[in-house]
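Only one structure is covered here, and it is reproduced in the block below.
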Amino acid sequence: MAPAPPTTDRDWRAFVRILALSMVGLFAGYLALAVVVDPYDTGRSTLLSRGAVRPQGPRTASAMRGRDPAYSGVVIGNSHIQLIEPAALTRLTGIPFLQLSVPATGPSEQFALLGWYLKHHARPDAIVLSADAFWCADDPAFPSEHGFPYWLVGDWPTYLRGLIRFSAAQETVNRLGWLLNPRHKTAAADGWWDYERNYLSQGFGIDPAKKAALEKPVGPEPELHHGGPFPIAARLRTELARIPAATPVVVVFPPVYARAEPPPGSPRARAEAACRAEVRAVLAQHALSTVVDWRDGRSAAADPDQFFDQTHYRLPLARSLTAEIAAAIVRLRTQ
């Protein structure tokens, strides 16, 4: 048997070229498949869209929910407004409401979701925004310790870059499996999640140590707060300019437990009051707008049975807040 000819530089170059082309082909093939499958159902490809939300966390599910044309009203915030039931708002206002709140988010993430919602709803019937302590940060970037998939609600180039990650590849496979399963489970289309059971299962409202933590007074000084101006004012002004003048906008200052309120006259109390005043002043520039303020010292905020911790309230209080939000929307729509 004749010996094999020696491998030449030309052979190696041909091998490397074939390998590189194969990798490029595999990459392009994956990207094309991911775009068609649209793992989080953003609507960029509707070929496999089924109009149902696949069970997943609200961070990614928001991409599908936020573009659903069935909902002309929206609630946006974090867990401090998440117990507002959209179906209850719908009953009280006649507006089909969507709950688009995502836990552990601040203004940056929330306004990104607002932009996504407005992109798919040119003339909303009502918008509810939750303005909690995260709105009063000093940093105009409103940084968060928790990741957020901005790429899902971004432009096409951003979306394509976002697909180039292991988690997106996993979800592409997961969504294909979900689509092929005739008994696939679905999540609530309107984003409603009653997390009261989750808190109770962790001992909130029951565990003596957690009850004691509820009574711990707030620290005397803020970490970042000052007397203003606050970055939220300019950011809110920009966002309101994107909302049609005929759309009612309600900003909610969500309840906190009375022990979480800073002492009257303290630097923190003055800073928080100044921040809320700036939010009110900017909001007033939108023709149909109002504030629902549950930081006004009302008696319900002093009831420990209404709170899991100092910033998360229970369903009975949430229902009262829901009724007040709905009444505010009805008033604005009749002006």
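Within each chain, counting starts at residue 1; across the structure tokens, chains are named A, B, ... in the order shown, with ligands numbered 1 upward in that order.
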Give me the residues near range 101-113 of chain A as a ChimeraX atom specification, where near means some atom within 10 Å (using only C-alpha atoms) and where sequence neighbours in that chain fewer than 3 positions away do not count.
/A:57-63,66,74-84,98,116-119,129-137,140-150,152-154,191-193,232,235-236,239
Could you tell me, as number ranges by chain, which residues of range 13-249 of chain A DSSP assigns to strand (DSSP E) when given the backbone?
A: 73-76, 97-99, 126-130, 249
Please produce a file of those selected residues containing C-alpha atoms, as a JSON list (two decimals), in the first residue's frame.
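What follows is the written file again-v6.json:
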[["chain", "number", "residue", "atom", "x", "y", "z"],
["A", 73, "GLY", "CA", -55.30, 49.59, 29.60],
["A", 74, "VAL", "CA", -52.08, 48.74, 31.42],
["A", 75, "VAL", "CA", -50.56, 48.74, 34.91],
["A", 76, "ILE", "CA", -46.76, 49.08, 34.98],
["A", 97, "PHE", "CA", -56.61, 45.91, 31.61],
["A", 98, "LEU", "CA", -53.22, 44.23, 31.45],
["A", 99, "GLN", "CA", -50.90, 43.78, 34.42],
["A", 126, "ALA", "CA", -55.65, 54.24, 30.36],
["A", 127, "ILE", "CA", -52.15, 53.89, 31.79],
["A", 128, "VAL", "CA", -51.33, 53.28, 35.46],
["A", 129, "LEU", "CA", -47.75, 53.81, 36.65],
["A", 130, "SER", "CA", -46.41, 52.96, 40.09],
["A", 249, "VAL", "CA", -52.56, 58.55, 33.13]]
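You will find CA of Val251 in chain A at 25.4 Å from CA of Asp305 in chain A.
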Going by DSSP on the backbone, which residues of range 117-326 of chain A come out as helix (DSSP H, G or I)? List them as a ChimeraX atom specification.
/A:117-120,133-136,150-153,156-163,166-180,196-201,208-214,231-240,258-260,267-283,299-302,304-306,315-326
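Minimum atom-to-atom distances from A:Ile329, A:Trp294, A:Arg50, A:Lys216 to Leu317 in chain A were compared using only C-alpha atoms, and the lowest value belongs to A:Trp294.
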Proximity to Arg259 in chain A - best of A:Pro217, A:Pro231, A:Pro69, A:Gly297, only C-alpha atoms
A:Pro217
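All residues of protein, DNA or RNA that reach within 10 Å of range 22-34 of chain A, judged by only C-alpha atoms and not counting those fewer than 3 positions away in the chain, are Val16, Arg17, Ile18, Leu19, Val37, Asp38, Pro39, Tyr40, Ser45, Leu160, Arg161, Leu163, Ile164, Ala168, Ala169, Glu171, Thr172 and Val173 of chain A.
For the pair CA of Arg91 in chain A and CA of Arg242 in chain A, the interatomic distance is 27.2 Å.
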Smallest atom-to-atom distance to Pro96 in chain A: which of A:Ala189, A:Ala327, A:Ala258, A:Ala273, using only C-alpha atoms?
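Closest candidate: A:Ala189.
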